[in-house]
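Enquirer: Contents of my_file.pdb (PDB, C-alpha atoms and all ligand atoms) are given next:
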ATOM      1  CA  MET A   1      85.337  88.004 125.423
ATOM      2  CA  ALA A   2      86.045  85.391 128.087
ATOM      3  CA  GLU A   3      86.893  85.370 131.767
ATOM      4  CA  VAL A   4      90.098  83.368 132.068
ATOM      5  CA  ASN A   5      92.783  83.542 134.721
ATOM      6  CA  LEU A   6      96.089  83.583 132.888
ATOM      7  CA  LEU A   7      97.858  84.442 136.160
ATOM      8  CA  ALA A   8      96.694  81.285 137.917
ATOM      9  CA  ARG A   9     100.317  80.248 138.461
ATOM     10  CA  TYR A  10     101.436  83.642 139.797
ATOM     11  CA  PRO A  11     102.643  83.204 143.407
ATOM     12  CA  LYS A  12     100.480  84.745 146.128
ATOM     13  CA  SER A  13     102.446  87.140 148.270
ATOM     14  CA  LYS A  14     101.944  88.100 151.908
ATOM     15  CA  ARG A  15     100.928  91.729 152.163
ATOM     16  CA  ASN A  16     101.184  93.763 155.288
ATOM     17  CA  VAL A  17      97.995  95.660 154.532
ATOM     18  CA  LYS A  18      98.036  97.548 157.820
ATOM     19  CA  ALA A  19     101.507  99.003 157.145
ATOM     20  CA  ARG A  20     100.148 101.127 154.326
ATOM     21  CA  VAL A  21      97.397 102.787 156.319
ATOM     22  CA  GLY A  22      99.775 105.406 157.840
ATOM     23  CA  ASN A  23     101.324 108.064 155.544
ATOM     24  CA  LYS A  24      98.939 106.884 152.849
ATOM     25  CA  GLU A  25      98.595 110.174 150.996
ATOM     26  CA  GLU A  26     102.337 110.827 150.944
ATOM     27  CA  ASN A  27     103.048 107.300 149.685
ATOM     28  CA  ARG A  28     100.270 107.513 147.124
ATOM     29  CA  ALA A  29     101.662 110.765 145.690
ATOM     30  CA  LEU A  30     105.105 109.198 145.335
ATOM     31  CA  ALA A  31     103.783 105.938 143.862
ATOM     32  CA  MET A  32     101.730 107.728 141.231
ATOM     33  CA  LYS A  33     104.890 109.121 139.670
ATOM     34  CA  PHE A  34     105.832 105.534 138.723
ATOM     35  CA  GLY A  35     109.466 106.385 139.348
ATOM     36  CA  ARG A  36     112.219 104.871 141.470
ATOM     37  CA  GLU A  37     110.201 104.998 144.712
ATOM     38  CA  TYR A  38     107.320 103.017 143.201
ATOM     39  CA  PHE A  39     109.512 100.223 141.885
ATOM     40  CA  ASP A  40     112.572 100.197 144.122
ATOM     41  CA  GLY A  41     111.616 102.261 147.174
ATOM     42  CA  THR A  42     109.959 100.830 150.295
ATOM     43  CA  ARG A  43     106.988  98.411 150.354
ATOM     44  CA  GLU A  44     104.859 101.262 151.673
ATOM     45  CA  GLN A  45     105.621 103.256 148.508
ATOM     46  CA  GLY A  46     105.115 100.444 146.007
ATOM     47  CA  TYR A  47     106.854  97.191 145.141
ATOM     48  CA  GLY A  48     109.682  97.565 147.654
ATOM     49  CA  GLY A  49     112.250  96.242 145.148
ATOM     50  CA  PHE A  50     111.102  95.229 141.663
ATOM     51  CA  ARG A  51     113.579  92.516 140.664
ATOM     52  CA  TYR A  52     113.403  89.673 138.190
ATOM     53  CA  ASP A  53     112.903  86.313 139.924
ATOM     54  CA  GLY A  54     111.388  84.125 137.203
ATOM     55  CA  ARG A  55     107.829  84.254 138.558
ATOM     56  CA  TRP A  56     106.475  85.184 135.118
ATOM     57  CA  VAL A  57     107.908  82.086 133.406
ATOM     58  CA  PRO A  58     104.840  79.829 133.979
ATOM     59  CA  ILE A  59     102.504  82.718 133.153
ATOM     60  CA  ALA A  60     104.341  83.334 129.882
ATOM     61  CA  GLU A  61     103.942  79.636 129.035
ATOM     62  CA  ASP A  62     100.208  79.817 129.755
ATOM     63  CA  ILE A  63      99.827  82.971 127.624
ATOM     64  CA  VAL A  64     101.641  81.319 124.690
ATOM     65  CA  ARG A  65      99.408  78.243 124.980
ATOM     66  CA  HIS A  66      96.166  80.182 125.459
ATOM     67  CA  PHE A  67      96.652  82.381 122.376
ATOM     68  CA  GLY A  68      98.418  79.709 120.266
ATOM     69  CA  LEU A  69     101.370  82.073 119.807
ATOM     70  CA  LYS A  70     104.172  81.086 117.435
ATOM     71  CA  ALA A  71     107.437  82.499 116.086
ATOM     72  CA  GLY A  72     106.858  85.708 114.128
ATOM     73  CA  ASP A  73     103.666  86.700 115.974
ATOM     74  CA  ARG A  74     103.764  90.163 117.522
ATOM     75  CA  VAL A  75     102.737  90.741 121.144
ATOM     76  CA  LEU A  76     102.571  94.017 123.095
ATOM     77  CA  ASP A  77     102.734  94.169 126.896
ATOM     78  CA  ILE A  78     101.103  97.448 127.956
ATOM     79  CA  GLY A  79     102.399  98.647 131.323
ATOM     80  CA  CYS A  80     105.361  96.309 130.920
ATOM     81  CA  ALA A  81     107.422  97.916 133.730
ATOM     82  CA  LYS A  82     110.983  96.534 133.485
ATOM     83  CA  GLY A  83     110.016  93.949 130.868
ATOM     84  CA  PHE A  84     109.962  90.758 132.956
ATOM     85  CA  LEU A  85     107.007  89.303 131.046
ATOM     86  CA  VAL A  86     108.429  90.472 127.702
ATOM     87  CA  LYS A  87     111.634  88.577 128.483
ATOM     88  CA  ASP A  88     109.836  85.405 129.606
ATOM     89  CA  LEU A  89     107.475  85.381 126.614
ATOM     90  CA  MET A  90     110.499  85.489 124.307
ATOM     91  CA  LYS A  91     111.980  82.578 126.244
ATOM     92  CA  ALA A  92     108.702  80.600 126.248
ATOM     93  CA  CYS A  93     108.302  80.975 122.497
ATOM     94  CA  PRO A  94     111.568  81.531 120.618
ATOM     95  CA  GLY A  95     111.053  83.809 117.639
ATOM     96  CA  LEU A  96     108.005  85.524 119.150
ATOM     97  CA  GLU A  97     108.244  89.293 118.566
ATOM     98  CA  VAL A  98     107.431  90.804 121.946
ATOM     99  CA  PHE A  99     107.416  94.517 122.766
ATOM    100  CA  GLY A 100     106.439  96.576 125.763
ATOM    101  CA  ILE A 101     105.256 100.065 126.551
ATOM    102  CA  ASP A 102     105.188 101.829 129.905
ATOM    103  CA  VAL A 103     104.771 105.404 131.085
ATOM    104  CA  SER A 104     107.726 104.966 133.452
ATOM    105  CA  GLU A 105     111.009 106.146 132.037
ATOM    106  CA  TYR A 106     112.640 104.781 135.207
ATOM    107  CA  ALA A 107     111.316 101.248 134.529
ATOM    108  CA  VAL A 108     112.305 101.289 130.856
ATOM    109  CA  LEU A 109     115.796 102.636 131.653
ATOM    110  CA  ASN A 110     116.214  99.890 134.255
ATOM    111  CA  CYS A 111     114.832  97.074 132.114
ATOM    112  CA  GLU A 112     116.134  93.539 131.841
ATOM    113  CA  PRO A 113     119.157  93.560 129.482
ATOM    114  CA  GLU A 114     117.515  90.948 127.212
ATOM    115  CA  VAL A 115     114.683  93.344 126.301
ATOM    116  CA  THR A 116     116.715  96.485 125.655
ATOM    117  CA  GLY A 117     115.314  98.201 122.562
ATOM    118  CA  ARG A 118     111.973  96.401 122.833
ATOM    119  CA  LEU A 119     110.401  98.689 125.441
ATOM    120  CA  HIS A 120     108.927 102.101 124.675
ATOM    121  CA  VAL A 121     108.083 104.933 127.032
ATOM    122  CA  GLY A 122     104.485 105.908 126.293
ATOM    123  CA  ASP A 123     100.892 106.072 127.434
ATOM    124  CA  ALA A 124      98.465 103.154 127.326
ATOM    125  CA  ARG A 125      95.694 105.639 126.423
ATOM    126  CA  LYS A 126      97.423 106.662 123.184
ATOM    127  CA  LEU A 127      99.462 103.812 121.789
ATOM    128  CA  PRO A 128     102.024 104.884 119.174
ATOM    129  CA  PHE A 129     101.290 101.897 116.916
ATOM    130  CA  PRO A 130      99.189 101.403 113.787
ATOM    131  CA  ASP A 131      95.825  99.624 113.754
ATOM    132  CA  ASN A 132      96.005  95.842 113.873
ATOM    133  CA  SER A 133      99.764  95.780 114.362
ATOM    134  CA  PHE A 134      99.832  93.043 117.043
ATOM    135  CA  LYS A 135      98.316  89.595 117.347
ATOM    136  CA  VAL A 136      97.813  90.025 121.085
ATOM    137  CA  THR A 137      98.015  92.838 123.636
ATOM    138  CA  LEU A 138      98.386  92.229 127.361
ATOM    139  CA  SER A 139      97.681  94.713 130.128
ATOM    140  CA  ILE A 140      98.191  93.379 133.607
ATOM    141  CA  ASN A 141      97.295  95.564 136.580
ATOM    142  CA  VAL A 142      97.552  98.827 134.652
ATOM    143  CA  ILE A 143      94.156 100.048 133.462
ATOM    144  CA  HIS A 144      92.670 100.624 136.931
ATOM    145  CA  ASN A 145      95.261 103.400 137.315
ATOM    146  CA  PHE A 146      93.157 105.653 135.067
ATOM    147  CA  GLU A 147      89.981 107.597 135.672
ATOM    148  CA  ARG A 148      86.942 105.915 134.116
ATOM    149  CA  ASP A 149      87.319 107.732 130.763
ATOM    150  CA  GLY A 150      90.983 106.765 130.630
ATOM    151  CA  CYS A 151      90.087 103.108 131.215
ATOM    152  CA  ILE A 152      87.739 103.231 128.236
ATOM    153  CA  GLN A 153      90.388 104.953 126.105
ATOM    154  CA  ALA A 154      93.057 102.380 127.032
ATOM    155  CA  LEU A 155      90.722  99.461 126.295
ATOM    156  CA  ARG A 156      89.809 100.975 122.915
ATOM    157  CA  GLU A 157      93.505 101.335 122.151
ATOM    158  CA  MET A 158      94.065  97.651 122.944
ATOM    159  CA  GLN A 159      91.202  96.768 120.649
ATOM    160  CA  ARG A 160      92.526  99.035 117.882
ATOM    161  CA  VAL A 161      96.100  97.704 117.791
ATOM    162  CA  ALA A 162      95.128  94.042 118.321
ATOM    163  CA  PRO A 163      91.489  93.424 117.366
ATOM    164  CA  ALA A 164      91.939  89.653 117.478
ATOM    165  CA  GLY A 165      93.385  89.095 120.930
ATOM    166  CA  GLY A 166      93.809  90.721 124.298
ATOM    167  CA  TYR A 167      94.161  90.039 127.973
ATOM    168  CA  VAL A 168      93.332  92.567 130.659
ATOM    169  CA  GLN A 169      93.712  92.084 134.381
ATOM    170  CA  VAL A 170      92.497  94.721 136.825
ATOM    171  CA  ASP A 171      92.012  95.143 140.568
ATOM    172  CA  ALA A 172      88.564  94.138 141.836
ATOM    173  CA  TYR A 173      86.702  93.134 144.998
ATOM    174  CA  ARG A 174      83.631  91.019 145.605
ATOM    175  CA  SER A 175      82.445  92.150 149.049
ATOM    176  CA  PRO A 176      82.641  95.169 151.385
ATOM    177  CA  GLU A 177      85.301  93.287 153.373
ATOM    178  CA  GLU A 178      87.460  92.806 150.271
ATOM    179  CA  GLU A 179      86.823  96.421 149.285
ATOM    180  CA  GLN A 180      88.179  97.645 152.643
ATOM    181  CA  ILE A 181      91.325  95.514 152.319
ATOM    182  CA  PHE A 182      91.750  96.826 148.791
ATOM    183  CA  LEU A 183      91.360 100.472 149.902
ATOM    184  CA  ASP A 184      93.896  99.978 152.694
ATOM    185  CA  TRP A 185      96.437  98.455 150.316
ATOM    186  CA  VAL A 186      96.009 100.238 147.017
ATOM    187  CA  LEU A 187      98.175 103.217 146.088
ATOM    188  CA  THR A 188      97.647 104.001 142.446
ATOM    189  CA  ALA A 189      94.221 102.701 141.342
ATOM    190  CA  LYS A 190      91.703 105.410 140.438
ATOM    191  CA  THR A 191      88.914 103.222 139.072
ATOM    192  CA  HIS A 192      87.819 100.121 140.908
ATOM    193  CA  GLY A 193      84.803  97.956 141.533
ATOM    194  CA  THR A 194      83.376  94.490 141.382
ATOM    195  CA  PRO A 195      83.977  92.063 138.515
ATOM    196  CA  GLN A 196      80.464  92.936 137.278
ATOM    197  CA  PHE A 197      81.389  96.646 137.217
ATOM    198  CA  TRP A 198      84.430  95.814 135.088
ATOM    199  CA  VAL A 199      82.545  93.528 132.706
ATOM    200  CA  GLU A 200      80.125  96.385 131.981
ATOM    201  CA  LEU A 201      83.036  98.779 131.420
ATOM    202  CA  LEU A 202      84.822  96.343 129.077
ATOM    203  CA  LYS A 203      81.592  95.997 127.073
ATOM    204  CA  GLU A 204      81.091  99.767 126.926
ATOM    205  CA  ALA A 205      84.618 100.136 125.520
ATOM    206  CA  GLY A 206      83.885  97.540 122.835
ATOM    207  CA  TYR A 207      86.745  95.394 124.146
ATOM    208  CA  SER A 208      86.497  91.834 122.858
ATOM    209  CA  GLY A 209      89.555  90.217 124.470
ATOM    210  CA  ASP A 210      89.870  88.119 127.599
ATOM    211  CA  TYR A 211      90.070  89.325 131.182
ATOM    212  CA  PHE A 212      90.512  88.484 134.827
ATOM    213  CA  TRP A 213      90.745  90.148 138.225
ATOM    214  CA  THR A 214      93.395  90.787 140.824
ATOM    215  CA  ILE A 215      91.581  90.308 144.109
ATOM    216  CA  LEU A 216      93.224  90.868 147.477
ATOM    217  CA  GLU A 217      91.418  88.011 149.138
ATOM    218  CA  VAL A 218      90.322  88.081 152.756
ATOM    219  CA  ASP A 219      92.945  85.591 153.809
ATOM    220  CA  PRO A 220      94.421  86.057 157.318
ATOM    221  CA  GLU A 221      97.718  84.671 155.994
ATOM    222  CA  TRP A 222      98.024  87.830 153.872
ATOM    223  CA  ILE A 223      97.430  90.243 156.691
ATOM    224  CA  VAL A 224     100.762  90.086 158.463
ATOM    225  CA  GLU A 225     100.970  92.418 161.430
TER     226      GLU A 225
HETATM  227  C1  LIG B 301     101.080  97.476 138.993
HETATM  228  S1  LIG B 301     102.305  97.848 137.787
HETATM  229  C2  LIG B 301     102.166  96.392 136.768
HETATM  230  C3  LIG B 301     103.424  96.066 136.013
HETATM  231  C4  LIG B 301     103.362  94.753 135.251
HETATM  232  N1  LIG B 301     102.330  94.767 134.231
HETATM  233  C5  LIG B 301     103.131  93.628 136.226
HETATM  234  O1  LIG B 301     102.011  93.084 136.252
HETATM  235  O2  LIG B 301     104.073  93.318 136.965
HETATM  236  C6  LIG B 301     101.544  99.109 136.809
HETATM  237  C7  LIG B 301     102.389  99.544 135.645
HETATM  238  O3  LIG B 301     101.629 100.425 134.830
HETATM  239  C8  LIG B 301     102.471 101.455 134.395
HETATM  240  N2  LIG B 301     101.638 102.592 133.978
HETATM  241  C9  LIG B 301     100.979 103.465 134.777
HETATM  242  N3  LIG B 301     100.345 104.383 134.026
HETATM  243  C10 LIG B 301     100.598 104.079 132.729
HETATM  244  C11 LIG B 301     100.229 104.666 131.488
HETATM  245  N4  LIG B 301      99.495 105.786 131.438
HETATM  246  N5  LIG B 301     100.641 104.075 130.346
HETATM  247  C12 LIG B 301     101.426 102.968 130.389
HETATM  248  N6  LIG B 301     101.833 102.396 131.539
HETATM  249  C13 LIG B 301     101.413 102.932 132.695
HETATM  250  C14 LIG B 301     103.364 101.724 135.598
HETATM  251  O4  LIG B 301     104.535 102.448 135.305
HETATM  252  C15 LIG B 301     103.642 100.283 136.049
HETATM  253  O5  LIG B 301     104.753  99.737 135.385
END
Let's see the structure in the file written out as structure tokens.
Ligand SMILES: C[S@@+](CC[C@H](N)C(=O)[O-])C[C@H]1O[C@@H](n2cnc3c(N)ncnc32)[C@H](O)[C@@H]1O
Expert:
Amino acid sequence: MAEVNLLARYPKSKRNVKARVGNKEENRALAMKFGREYFDGTREQGYGGFRYDGRWVPIAEDIVRHFGLKAGDRVLDIGCAKGFLVKDLMKACPGLEVFGIDVSEYAVLNCEPEVTGRLHVGDARKLPFPDNSFKVTLSINVIHNFERDGCIQALREMQRVAPAGGYVQVDAYRSPEEEQIFLDWVLTAKTHGTPQFWVELLKEAGYSGDYFWTILEVDPEWIVE
């Protein structure tokens, strides 16, 4: 198990944290359905337009390099949404067998054309795949959406279907200031804490893959009024 930031080349975006403070409960209820509003509704409800723009290309290259992936290896992206990373992994490593699973029927039905047939609708806490059926599983910004027990279940499922390799990224904060920014911004996360909190949880689940954190840093550039 190693802390490694495989999203180091993911672009930082400006977030209008204050805009989400109003109507928070209404927006949260909509977002948690992981339907059209969450992906393609307003920024207050979720992504505010979830469209492919190539930002996952360098991350896919780093994932291929980090895990030494080659043609024929099988990779599962858990919480794959519309399959942007699935598509870019296949581009980064021709012949790689990449699949995705997501609870959102909306996302899977509106997937990138290149990944049609590779994405399943299903739950990260009960993966419909046999033991040891993938070389690597990825789960980026998904597992914090579960209650604590669900996080453990989802991590155990990752370990079961790909005992040799995994990458988990979850929301975290390192100070009360970062925690407040996180609470103002977040819509769907049910379990959250410091990196240390997560390391303990990963250990408890018996997860042996790699991991890193999504931290909404206290950067005035990100707080656009
Ligand atoms: C913050 S998005 C991350 C999407 C993508 N991994 C990324 O980093 O762009 C969270 C994703 O988790 C999915 N999700 C939420 N609950 C899930 C569950 N129980 N099983 C599988 N996917 C789930 C949502 O539909 C959504 O696509």
Enquirer: Give as an NGL selection string the residues that the PyMOL selection byres (((chain A and resi 166) around 10) and not hetatm) matches when applied to the coordinates above.
Expert: :A and (1 or 67 or 75-77 or 134-139 or 155 or 158-159 or 161-165 or 167-168 or 207-211)
Enquirer: Fewer than 5 positions away in the same chain doesn't count, so skip those; otherwise give me all residues within 12 Å of Glu200 of chain A, counting all atoms listed in the file, as a PyMOL selection string.
Expert: chain A and resi 1+148+152+193-195+205-207
Enquirer: Mind checking which residues fall within 9 Å of Arg55 of chain A, counting all atoms listed in the file, ignoring those fewer than 5 positions away in the same chain, and posting them as a PyMOL selection string?
Expert: chain A and resi 9-11+84
Enquirer: What are the closest atom pairs, with distances in Å to one decimal, for each residue of chain A lying within 7 Å of ligand LIG 301 (chain B), using all atoms listed in the file, rows by chain and rising residue number, as a tab-separated table?
Expert:
residue	atom	partner	partner_atom	distance
A:Phe34	CA	B:LIG301	O4	4.8
A:Ile78	CA	B:LIG301	C12	6.0
A:Gly79	CA	B:LIG301	N6	3.8
A:Cys80	CA	B:LIG301	N1	4.7
A:Ala81	CA	B:LIG301	O5	3.6
A:Ile101	CA	B:LIG301	C12	6.2
A:Asp102	CA	B:LIG301	N6	3.8
A:Val103	CA	B:LIG301	C12	4.2
A:Ser104	CA	B:LIG301	O4	4.5
A:Ala107	CA	B:LIG301	O5	6.8
A:Gly122	CA	B:LIG301	N5	5.9
A:Asp123	CA	B:LIG301	N5	3.5
A:Ala124	CA	B:LIG301	N5	3.8
A:Arg125	CA	B:LIG301	N4	6.3
A:Ser139	CA	B:LIG301	N1	6.2
A:Ile140	CA	B:LIG301	N1	4.4
A:Asn141	CA	B:LIG301	C1	4.9
A:Val142	CA	B:LIG301	O3	4.4
A:Asn145	CA	B:LIG301	N3	6.1
Enquirer: Tell me which residues the PyMOL selection byres (((chain A and resi 112) around 9) and not hetatm) grabs here, as a list of chain:residue names.
Expert: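 Checked against the file, the PyMOL selection byres (((chain A and resi 112) around 9) and not hetatm) matches A:Tyr52, A:Lys82, A:Gly83, A:Phe84, A:Lys87, A:Val108, A:Asn110, A:Cys111, A:Pro113, A:Glu114, A:Val115, A:Thr116.
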